[in-house]
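Source file upload.txt; content: compact mmCIF, C-alpha atoms.
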# COMPACT_ATOMS: atom_id res chain seq x y z
CA MET A 1 41.05 145.72 82.41
CA ALA A 2 43.11 145.24 85.52
CA PRO A 3 46.88 145.75 85.06
CA GLN A 4 47.65 142.39 86.74
CA VAL A 5 45.66 140.62 84.01
CA LEU A 6 47.72 142.29 81.31
CA ARG A 7 50.92 141.10 83.01
CA GLN A 8 49.81 137.45 82.64
CA GLY A 9 50.62 137.44 78.94
CA SER A 10 48.62 137.22 75.77
CA GLY A 11 48.13 133.45 75.97
CA TYR A 12 46.51 133.69 79.38
CA LEU A 13 44.41 136.64 78.28
CA ALA A 14 43.23 134.81 75.14
CA GLU A 15 42.34 131.73 77.20
CA GLN A 16 40.34 133.79 79.68
CA MET A 17 38.54 135.64 76.88
CA THR A 18 37.67 132.31 75.24
CA ILE A 19 36.26 131.01 78.52
CA ALA A 20 34.20 134.19 78.97
CA VAL A 21 32.84 134.14 75.41
CA ASN A 22 31.94 130.45 75.63
CA ALA A 23 30.15 131.04 78.95
CA ALA A 24 28.22 133.93 77.41
CA LEU A 25 27.20 131.78 74.43
CA GLU A 26 26.06 128.96 76.72
CA ASP A 27 24.05 131.44 78.78
CA LEU A 28 22.46 132.91 75.66
CA GLN A 29 21.56 129.45 74.37
CA ALA A 30 20.03 128.45 77.73
CA ARG A 31 17.99 131.66 77.92
CA THR A 32 16.84 131.29 74.32
CA VAL A 33 15.62 127.74 74.94
CA ALA A 34 13.97 128.78 78.21
CA GLU A 35 12.22 131.76 76.62
CA ALA A 36 11.13 129.89 73.48
CA PRO A 37 10.62 126.24 74.43
CA ASP A 38 8.41 125.64 71.41
CA ALA A 39 11.03 126.88 68.94
CA PRO A 40 11.38 124.51 65.99
CA ASN A 41 14.22 122.02 65.89
CA PRO A 42 16.95 123.26 63.50
CA ALA A 43 17.35 119.74 62.06
CA VAL A 44 13.64 119.64 61.19
CA LEU A 45 13.86 123.08 59.61
CA LEU A 46 16.85 121.99 57.53
CA GLU A 47 14.98 118.90 56.34
CA ARG A 48 11.98 121.00 55.35
CA LEU A 49 14.22 123.48 53.57
CA GLU A 50 15.82 120.66 51.60
CA ASP A 51 12.33 119.43 50.62
CA VAL A 52 11.39 122.91 49.42
CA GLN A 53 14.64 123.10 47.47
CA GLN A 54 13.95 119.78 45.74
CA GLN A 55 10.38 120.82 44.90
CA SER A 56 11.69 124.09 43.49
CA VAL A 57 14.22 122.26 41.32
CA HIS A 58 11.52 119.97 39.91
CA ARG A 59 9.18 122.88 39.24
CA MET A 60 11.91 124.89 37.53
CA GLN A 61 12.82 121.88 35.38
CA SER A 62 9.16 121.53 34.33
CA PHE A 63 8.92 125.24 33.63
CA LEU A 64 12.14 125.18 31.56
CA SER A 65 10.89 122.15 29.64
CA ALA A 66 7.61 123.91 28.87
CA LEU A 67 9.47 127.04 27.71
CA THR A 68 11.80 124.97 25.54
CA SER A 69 8.83 123.20 23.95
CA ALA A 70 7.03 126.49 23.34
CA GLN A 71 10.16 127.99 21.80
CA ALA A 72 10.59 124.96 19.56
CA ARG A 73 6.96 125.24 18.38
CA THR A 74 7.30 128.92 17.59
CA ALA A 75 10.61 128.35 15.76
CA ARG A 76 9.05 125.86 13.32
CA PRO A 77 8.02 127.33 10.02
CA ALA A 78 4.28 127.64 9.55
CA GLY A 79 3.06 125.19 7.10
Step by step, read the file and then write its structure as C-alpha cells.
Amino acid sequence: MAPQVLRQGSGYLAEQMTIAVNAALEDLQARTVAEAPDAPNPAVLLERLEDVQQQSVHRMQSFLSALTSAQARTARPAG
C-alpha cells in the first residue's frame, strides 16, 4: 500500500476498501450471470425448497402417526 494512502486516515481507507470490495462483488456477479445465463432464479429455488420442506413435514407427520398407531397396537394386551 502506498504511504500517501495510509496518511489519509482510517476512515478514508475504509471507504476506499468498501468501494473496491463492492466493485469486485459487482464484477463477480456480472461474470457469473454472463457465464451461466441459464442459472436458476434464486427466488424459484427458494419456492421449490419451501415446497419440499412442506412435503417433508407432511410425510414425517404421517410416518409418526403410523408409528404411534403401531406402538399403541403392540402395547395393548393380547386378548
Test item: axis-aligned box, all listed atoms of region 23-28 of chain A, 6 Å on each side, centre and edges in Å rounded to one decimal, as AutoDock Vina command-line options:
--center_x 26.3 --center_y 131.4 --center_z 76.7 --size_x 19.7 --size_y 17.0 --size_z 16.5
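Interatomic distance, CA of Gln54 (chain A) against CA of Gln71 (chain A): 25.6 Å.
Here CA of Gln8 (chain A) and CA of Ala20 (chain A) stand 16.4 Å from one another.
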Give me, as CSV, each residue of region 46-78 of chain A that comes within 12 Å of region 34-42 of chain A, together with its shortest interatomic pair and the distance in Å at one decimal, counting all atoms listed in the file, with rows ordered by chain and rising residue number.
residue,atom,partner,partner_atom,distance
A:Leu46,CA,A:Pro42,CA,6.1
A:Glu47,CA,A:Pro42,CA,8.6
A:Arg48,CA,A:Pro42,CA,9.8
A:Leu49,CA,A:Pro42,CA,10.3
Can those selected residues be exported to a file as a CSV table (one decimal), keeping the file's coordinate frame so that it contains C-alpha atoms?
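Output contents, as saved in out09.csv:
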chain,number,residue,atom,x,y,z
A,46,LEU,CA,16.8,122.0,57.5
A,47,GLU,CA,15.0,118.9,56.3
A,48,ARG,CA,12.0,121.0,55.4
A,49,LEU,CA,14.2,123.5,53.6
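Counting from CA of His58 (chain A), the distance to CA of Arg76 (chain A) is 27.3 Å.
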